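Visitor: Got entry-v4.pdb for you, PDB, C-alpha atoms:
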```pdb
ATOM      1  CA  MET A   1     116.640  76.634 -24.481
ATOM      2  CA  GLY A   2     118.005  73.894 -26.758
ATOM      3  CA  SER A   3     115.850  72.128 -29.297
ATOM      4  CA  ILE A   4     114.863  68.517 -29.804
ATOM      5  CA  VAL A   5     115.006  67.449 -33.447
ATOM      6  CA  VAL A   6     113.671  64.347 -35.174
ATOM      7  CA  GLN A   7     115.742  63.843 -38.331
ATOM      8  CA  MET A   8     114.653  60.877 -40.431
ATOM      9  CA  SER A   9     114.691  59.561 -43.949
ATOM     10  CA  VAL A  10     111.313  58.481 -45.272
ATOM     11  CA  SER A  11     109.965  56.918 -48.446
ATOM     12  CA  LEU A  12     107.513  58.957 -50.496
ATOM     13  CA  ASP A  13     104.720  56.747 -49.112
ATOM     14  CA  GLY A  14     105.668  57.608 -45.533
ATOM     15  CA  PHE A  15     107.771  54.694 -44.259
ATOM     16  CA  MET A  16     111.086  55.069 -42.456
ATOM     17  CA  SER A  17     112.025  51.408 -42.911
ATOM     18  CA  GLY A  18     110.758  48.371 -44.753
ATOM     19  CA  PRO A  19     108.674  45.632 -43.092
ATOM     20  CA  ASP A  20     111.806  43.813 -41.895
ATOM     21  CA  GLY A  21     113.702  46.991 -41.009
ATOM     22  CA  GLU A  22     115.255  47.369 -44.480
ATOM     23  CA  LEU A  23     117.021  50.636 -45.215
ATOM     24  CA  ASP A  24     118.540  49.588 -48.544
ATOM     25  CA  TRP A  25     116.321  52.065 -50.382
ATOM     26  CA  HIS A  26     118.013  55.088 -48.721
ATOM     27  CA  LEU A  27     119.810  57.172 -51.358
ATOM     28  CA  VAL A  28     122.696  58.589 -49.346
ATOM     29  CA  ASP A  29     125.350  59.790 -51.771
ATOM     30  CA  GLU A  30     128.333  62.021 -50.974
ATOM     31  CA  GLU A  31     126.344  65.271 -51.324
ATOM     32  CA  LEU A  32     123.621  64.150 -48.897
ATOM     33  CA  HIS A  33     126.113  62.589 -46.483
ATOM     34  CA  GLN A  34     128.143  65.812 -46.410
ATOM     35  CA  HIS A  35     124.927  67.713 -45.660
ATOM     36  CA  PHE A  36     124.217  65.332 -42.753
ATOM     37  CA  ASN A  37     127.754  65.926 -41.461
ATOM     38  CA  ASP A  38     127.343  69.690 -41.675
ATOM     39  CA  VAL A  39     124.071  69.512 -39.711
ATOM     40  CA  LEU A  40     125.109  66.917 -37.134
ATOM     41  CA  ARG A  41     128.527  68.435 -36.407
ATOM     42  CA  GLY A  42     126.761  70.938 -34.129
ATOM     43  CA  ALA A  43     124.657  68.368 -32.261
ATOM     44  CA  GLY A  44     124.471  68.623 -28.499
ATOM     45  CA  ALA A  45     123.825  64.867 -28.331
ATOM     46  CA  PHE A  46     122.487  61.901 -30.267
ATOM     47  CA  LEU A  47     119.460  60.354 -28.553
ATOM     48  CA  ASP A  48     118.809  56.870 -29.919
ATOM     49  CA  GLY A  49     116.554  53.939 -29.292
ATOM     50  CA  ARG A  50     118.251  50.582 -28.776
ATOM     51  CA  VAL A  51     117.947  49.371 -32.378
ATOM     52  CA  ASN A  52     119.288  52.593 -33.891
ATOM     53  CA  HIS A  53     122.033  52.770 -31.241
ATOM     54  CA  GLU A  54     123.203  49.230 -32.024
ATOM     55  CA  LEU A  55     123.105  49.908 -35.772
ATOM     56  CA  MET A  56     125.154  53.105 -35.441
ATOM     57  CA  SER A  57     127.584  51.736 -32.845
ATOM     58  CA  ALA A  58     128.362  48.667 -34.934
ATOM     59  CA  TYR A  59     129.980  50.721 -37.693
ATOM     60  CA  TRP A  60     130.598  54.403 -37.022
ATOM     61  CA  PRO A  61     133.167  54.397 -34.190
ATOM     62  CA  THR A  62     135.788  52.901 -36.530
ATOM     63  CA  ALA A  63     134.353  53.755 -39.966
ATOM     64  CA  ASP A  64     137.303  56.022 -40.746
ATOM     65  CA  GLU A  65     139.561  52.944 -40.661
ATOM     66  CA  ASP A  66     137.630  51.355 -43.555
ATOM     67  CA  PRO A  67     139.682  51.930 -46.746
ATOM     68  CA  THR A  68     136.491  51.846 -48.841
ATOM     69  CA  ALA A  69     134.777  54.603 -46.806
ATOM     70  CA  SER A  70     134.083  57.878 -48.602
ATOM     71  CA  ALA A  71     135.453  61.181 -47.304
ATOM     72  CA  PRO A  72     132.080  62.154 -45.763
ATOM     73  CA  GLU A  73     131.844  58.736 -44.087
ATOM     74  CA  ARG A  74     135.321  59.101 -42.599
ATOM     75  CA  GLU A  75     134.428  62.591 -41.411
ATOM     76  CA  PHE A  76     131.202  61.369 -39.785
ATOM     77  CA  ALA A  77     133.103  58.704 -37.852
ATOM     78  CA  GLY A  78     134.836  61.517 -35.948
ATOM     79  CA  ILE A  79     131.586  63.422 -35.450
ATOM     80  CA  PHE A  80     129.960  60.260 -34.106
ATOM     81  CA  ARG A  81     132.785  59.549 -31.648
ATOM     82  CA  GLU A  82     132.920  63.137 -30.357
ATOM     83  CA  THR A  83     129.176  63.714 -29.902
ATOM     84  CA  PRO A  84     127.615  62.746 -26.566
ATOM     85  CA  LYS A  85     125.248  59.787 -26.917
ATOM     86  CA  VAL A  86     122.184  58.663 -24.977
ATOM     87  CA  VAL A  87     120.526  55.296 -25.591
ATOM     88  CA  PHE A  88     116.955  54.700 -24.433
ATOM     89  CA  SER A  89     116.392  51.038 -23.641
ATOM     90  CA  ARG A  90     114.642  48.874 -21.078
ATOM     91  CA  THR A  91     116.539  45.760 -22.186
ATOM     92  CA  LEU A  92     120.206  46.774 -22.394
ATOM     93  CA  ALA A  93     122.187  45.874 -19.289
ATOM     94  CA  ASP A  94     124.731  48.621 -19.907
ATOM     95  CA  ALA A  95     125.958  51.033 -22.551
ATOM     96  CA  PRO A  96     129.414  51.584 -24.047
ATOM     97  CA  ALA A  97     131.754  54.088 -22.442
ATOM     98  CA  GLY A  98     130.694  57.620 -23.292
ATOM     99  CA  THR A  99     127.032  56.635 -23.763
ATOM    100  CA  GLU A 100     124.387  57.318 -21.130
ATOM    101  CA  LEU A 101     121.752  54.595 -20.665
ATOM    102  CA  VAL A 102     118.204  55.825 -19.970
ATOM    103  CA  ARG A 103     115.212  53.542 -19.341
ATOM    104  CA  ASP A 104     112.247  55.845 -20.103
ATOM    105  CA  VAL A 105     111.460  59.169 -21.749
ATOM    106  CA  VAL A 106     110.689  61.577 -18.915
ATOM    107  CA  PRO A 107     109.571  64.925 -20.389
ATOM    108  CA  ALA A 108     111.011  67.148 -17.646
ATOM    109  CA  VAL A 109     114.363  65.362 -17.826
ATOM    110  CA  GLU A 110     114.560  65.661 -21.614
ATOM    111  CA  ARG A 111     113.597  69.356 -21.589
ATOM    112  CA  ALA A 112     116.323  69.952 -18.985
ATOM    113  CA  ARG A 113     118.787  67.979 -21.126
ATOM    114  CA  ALA A 114     117.906  70.147 -24.145
ATOM    115  CA  ALA A 115     118.237  73.358 -22.121
ATOM    116  CA  ALA A 116     121.720  72.355 -20.925
ATOM    117  CA  ALA A 117     122.961  71.116 -24.325
ATOM    118  CA  THR A 118     125.466  72.997 -26.479
ATOM    119  CA  GLY A 119     123.419  72.266 -29.619
ATOM    120  CA  PRO A 120     120.245  70.547 -30.777
ATOM    121  CA  LEU A 121     119.488  67.051 -29.533
ATOM    122  CA  PHE A 122     118.909  64.676 -32.470
ATOM    123  CA  VAL A 123     116.464  61.822 -31.879
ATOM    124  CA  GLY A 124     117.114  58.638 -33.874
ATOM    125  CA  GLY A 125     114.884  55.613 -34.279
ATOM    126  CA  ALA A 126     111.194  55.439 -35.110
ATOM    127  CA  LEU A 127     110.002  54.125 -31.748
ATOM    128  CA  LEU A 128     111.966  56.712 -29.785
ATOM    129  CA  ALA A 129     110.810  59.491 -32.116
ATOM    130  CA  ALA A 130     107.214  58.302 -31.585
ATOM    131  CA  SER A 131     107.701  58.441 -27.813
ATOM    132  CA  PHE A 132     109.125  61.976 -27.988
ATOM    133  CA  ALA A 133     106.192  63.002 -30.219
ATOM    134  CA  GLU A 134     103.695  61.392 -27.846
ATOM    135  CA  HIS A 135     105.148  63.498 -25.006
ATOM    136  CA  ASP A 136     105.037  66.613 -27.248
ATOM    137  CA  LEU A 137     108.811  67.050 -26.964
ATOM    138  CA  VAL A 138     109.714  67.499 -30.647
ATOM    139  CA  ASP A 139     110.609  71.070 -31.597
ATOM    140  CA  GLU A 140     111.632  70.361 -35.167
ATOM    141  CA  TYR A 141     111.158  67.687 -37.813
ATOM    142  CA  ARG A 142     113.736  67.275 -40.567
ATOM    143  CA  VAL A 143     112.218  64.780 -42.980
ATOM    144  CA  TYR A 144     114.316  63.605 -45.927
ATOM    145  CA  VAL A 145     111.881  62.271 -48.530
ATOM    146  CA  HIS A 146     113.475  59.668 -50.796
ATOM    147  CA  PRO A 147     112.079  59.179 -54.319
ATOM    148  CA  VAL A 148     110.841  55.634 -53.790
ATOM    149  CA  LEU A 149     107.607  53.875 -52.863
ATOM    150  CA  ILE A 150     108.281  50.828 -50.684
ATOM    151  CA  GLY A 151     104.665  49.732 -50.191
ATOM    152  CA  ARG A 152     104.758  48.812 -46.522
ATOM    153  CA  GLY A 153     106.951  49.060 -43.467
ATOM    154  CA  ARG A 154     107.279  51.119 -40.286
ATOM    155  CA  PRO A 155     105.559  54.496 -40.657
ATOM    156  CA  LEU A 156     107.486  57.559 -39.600
ATOM    157  CA  PHE A 157     104.645  59.200 -37.705
ATOM    158  CA  PRO A 158     102.605  57.430 -35.023
ATOM    159  CA  ALA A 159      98.873  57.916 -34.574
ATOM    160  CA  LEU A 160      98.346  60.656 -31.981
ATOM    161  CA  ASP A 161      95.191  62.110 -30.449
ATOM    162  CA  ARG A 162      96.145  65.726 -31.028
ATOM    163  CA  ARG A 163      97.051  68.168 -33.735
ATOM    164  CA  THR A 164     100.437  69.849 -33.738
ATOM    165  CA  PRO A 165     100.625  72.893 -36.027
ATOM    166  CA  LEU A 166     104.045  73.319 -37.637
ATOM    167  CA  GLN A 167     105.643  75.993 -39.764
ATOM    168  CA  LEU A 168     107.849  75.387 -42.772
ATOM    169  CA  LEU A 169     111.436  76.428 -42.024
ATOM    170  CA  GLU A 170     113.283  75.123 -45.073
ATOM    171  CA  THR A 171     113.082  72.985 -48.171
ATOM    172  CA  ARG A 172     116.039  71.701 -50.106
ATOM    173  CA  SER A 173     116.450  69.385 -53.079
ATOM    174  CA  PHE A 174     119.511  67.191 -53.502
ATOM    175  CA  GLY A 175     120.968  65.936 -56.771
ATOM    176  CA  ASN A 176     119.885  62.339 -56.082
ATOM    177  CA  GLY A 177     116.191  63.327 -55.858
ATOM    178  CA  VAL A 178     115.957  63.438 -52.042
ATOM    179  CA  VAL A 179     114.029  66.443 -50.709
ATOM    180  CA  LEU A 180     114.421  67.904 -47.225
ATOM    181  CA  LEU A 181     111.241  69.186 -45.579
ATOM    182  CA  ARG A 182     112.126  71.011 -42.371
ATOM    183  CA  TYR A 183     109.308  72.024 -40.044
ATOM    184  CA  GLY A 184     109.388  73.689 -36.645
ATOM    185  CA  ARG A 185     106.901  73.972 -33.834
ATOM    186  CA  SER A 186     104.330  76.657 -34.584
ATOM    187  CA  GLU A 187     103.587  79.300 -31.984
ATOM    188  CA  MET A 188      99.894  78.760 -32.683
ATOM    189  CA  PHE A 189      97.614  77.150 -30.124
ATOM    190  CA  VAL A 190      97.636  73.366 -30.359
ATOM    191  CA  ALA A 191      93.942  72.601 -30.788
ATOM    192  CA  PRO A 192      92.405  69.458 -29.295
ATOM    193  CA  PRO A 193      91.414  66.777 -31.801
ATOM    194  CA  PRO A 194      87.902  66.936 -33.269
ATOM    195  CA  ARG A 195      85.384  64.687 -31.515
TER     196      ARG A 195
END
```
Will you turn the file into structure tokens for me?
Guide:
Amino acid sequence: MGSIVVQMSVSLDGFMSGPDGELDWHLVDEELHQHFNDVLRGAGAFLDGRVNHELMSAYWPTADEDPTASAPEREFAGIFRETPKVVFSRTLADAPAGTELVRDVVPAVERARAAAATGPLFVGGALLAASFAEHDLVDEYRVYVHPVLIGRGRPLFPALDRRTPLQLLETRSFGNGVVLLRYGRSEMFVAPPPR
């Protein structure tokens, strides 16, 4: 069966974006971007919420035509175009060609999608990631901790009424100070929350 992966950048104090959606504190240099390319090249699909979908679709389909784009950015433009995309939205009327529009997260449908995929499904966007977590659909978290405190913003993890034991699969430090913490679903019993 395929896996469902939440891959997000987060500040050291636990926010994935600033209070107004700012991402200007992300430290994505060529080394980190190449790492993202190497990981995402094998994706079975990109699953995005509306905001993340619009952000990605505004730039990446033609990013390799930008003369100021770095080599990893140009490479990712091709990865982005070639990877199947699903956008979850209740407000979009339609989606671009090659992108499936889905209204709600239905656990059985998403597990079937993962099982049929040629690689991991990567979930993008905090609200969509929270919905997948709420439905206990996340098999792996890849959290890229950036060396910055932003004070407030949108937290990466929503409040849930259950514990989900995880096991450490990998850590990696990058030259710019970003640290990858990669955790997978533990085979241990998921205990109910304390009362």
Visitor: Evaluate the PyMOL selection byres ((chain A and resi 116-124) around 7) here and jot the selected residues down as a PDB file with C-alpha atoms, in the coordinates of the input.
Guide:
```
ATOM      1  CA  GLY A   2     118.005  73.894 -26.758  1.00  0.00           C
ATOM      2  CA  SER A   3     115.850  72.128 -29.297  1.00  0.00           C
ATOM      3  CA  ILE A   4     114.863  68.517 -29.804  1.00  0.00           C
ATOM      4  CA  VAL A   5     115.006  67.449 -33.447  1.00  0.00           C
ATOM      5  CA  VAL A   6     113.671  64.347 -35.174  1.00  0.00           C
ATOM      6  CA  GLN A   7     115.742  63.843 -38.331  1.00  0.00           C
ATOM      7  CA  GLY A  42     126.761  70.938 -34.129  1.00  0.00           C
ATOM      8  CA  ALA A  43     124.657  68.368 -32.261  1.00  0.00           C
ATOM      9  CA  GLY A  44     124.471  68.623 -28.499  1.00  0.00           C
ATOM     10  CA  ALA A  45     123.825  64.867 -28.331  1.00  0.00           C
ATOM     11  CA  PHE A  46     122.487  61.901 -30.267  1.00  0.00           C
ATOM     12  CA  LEU A  47     119.460  60.354 -28.553  1.00  0.00           C
ATOM     13  CA  ASP A  48     118.809  56.870 -29.919  1.00  0.00           C
ATOM     14  CA  GLY A  49     116.554  53.939 -29.292  1.00  0.00           C
ATOM     15  CA  ASN A  52     119.288  52.593 -33.891  1.00  0.00           C
ATOM     16  CA  ALA A 112     116.323  69.952 -18.985  1.00  0.00           C
ATOM     17  CA  ARG A 113     118.787  67.979 -21.126  1.00  0.00           C
ATOM     18  CA  ALA A 114     117.906  70.147 -24.145  1.00  0.00           C
ATOM     19  CA  ALA A 115     118.237  73.358 -22.121  1.00  0.00           C
ATOM     20  CA  GLY A 125     114.884  55.613 -34.279  1.00  0.00           C
ATOM     21  CA  ALA A 126     111.194  55.439 -35.110  1.00  0.00           C
ATOM     22  CA  LEU A 128     111.966  56.712 -29.785  1.00  0.00           C
ATOM     23  CA  ALA A 129     110.810  59.491 -32.116  1.00  0.00           C
TER      24      ALA A 129
END
```
Visitor: I'd like to know which of A:Ala63, A:Met56, A:Val106, A:Leu101 is closest to Ser89 of chain A, using all atoms listed in the file.
Guide: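 For Ser89 of chain A, the nearest of the given residues is A:Leu101.
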Visitor: For the file shown, report as a CSV table (one decimal) with C-alpha atoms, in the coordinates of the input the outcome of the PyMOL selection byres ((chain A and resi 132-141) around 9) at residue level.
Guide:
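Output contents, as saved in expr.csv:
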```csv
chain,number,residue,atom,x,y,z
A,3,SER,CA,115.8,72.1,-29.3
A,4,ILE,CA,114.9,68.5,-29.8
A,5,VAL,CA,115.0,67.4,-33.4
A,6,VAL,CA,113.7,64.3,-35.2
A,7,GLN,CA,115.7,63.8,-38.3
A,8,MET,CA,114.7,60.9,-40.4
A,105,VAL,CA,111.5,59.2,-21.7
A,106,VAL,CA,110.7,61.6,-18.9
A,107,PRO,CA,109.6,64.9,-20.4
A,110,GLU,CA,114.6,65.7,-21.6
A,111,ARG,CA,113.6,69.4,-21.6
A,123,VAL,CA,116.5,61.8,-31.9
A,127,LEU,CA,110.0,54.1,-31.7
A,128,LEU,CA,112.0,56.7,-29.8
A,129,ALA,CA,110.8,59.5,-32.1
A,130,ALA,CA,107.2,58.3,-31.6
A,131,SER,CA,107.7,58.4,-27.8
A,142,ARG,CA,113.7,67.3,-40.6
A,143,VAL,CA,112.2,64.8,-43.0
A,157,PHE,CA,104.6,59.2,-37.7
A,158,PRO,CA,102.6,57.4,-35.0
A,159,ALA,CA,98.9,57.9,-34.6
A,160,LEU,CA,98.3,60.7,-32.0
A,161,ASP,CA,95.2,62.1,-30.4
A,164,THR,CA,100.4,69.8,-33.7
A,166,LEU,CA,104.0,73.3,-37.6
A,181,LEU,CA,111.2,69.2,-45.6
A,182,ARG,CA,112.1,71.0,-42.4
A,183,TYR,CA,109.3,72.0,-40.0
A,184,GLY,CA,109.4,73.7,-36.6
A,185,ARG,CA,106.9,74.0,-33.8
A,186,SER,CA,104.3,76.7,-34.6
```
Visitor: Give me the result of the PyMOL selection byres ((chain A and resi 14) around 9) on this file, residue by residue, as a list in words.
Guide: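 Applied to this file, the PyMOL selection byres ((chain A and resi 14) around 9) returns Val10, Ser11, Leu12, Asp13, Phe15, Met16, Val145, Leu149, Ile150, Arg152, Gly153, Arg154, Pro155, Leu156 and Phe157 of chain A.
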Visitor: Please report the interatomic distance between atom CA of Val109 of chain A and atom CA of Asn37 of chain A in Å with one decimal.
Guide: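 Going from atom CA of Val109 of chain A over to atom CA of Asn37 of chain A, I get 27.2 Å.
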Visitor: Would you compute the distance between atom CA of His26 of chain A and atom CA of Gly175 of chain A? Give it in Å to one decimal.
Guide: 13.8 Å
Visitor: What does the distance from atom CA of Arg41 of chain A to atom CA of Glu82 of chain A come to in Å, to one decimal?
Guide: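 Taking atom CA of Arg41 of chain A as the start and atom CA of Glu82 of chain A as the end point, the length is 9.2 Å.
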Visitor: With distances taken over all atoms listed in the file, which of A:Ala71, A:Leu169, A:Leu92, A:Val179 is nearest to Tyr144 of chain A?
Guide: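 For Tyr144 of chain A, the nearest of the given residues is A:Val179.
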Visitor: From the options A:Glu22, A:Ile79, A:Arg163, A:Pro96, which residue's atoms come nearest to Ala58 of chain A, counting all atoms listed in the file?
Guide: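 Closest to Ala58 of chain A, using all atoms listed in the file: A:Pro96.
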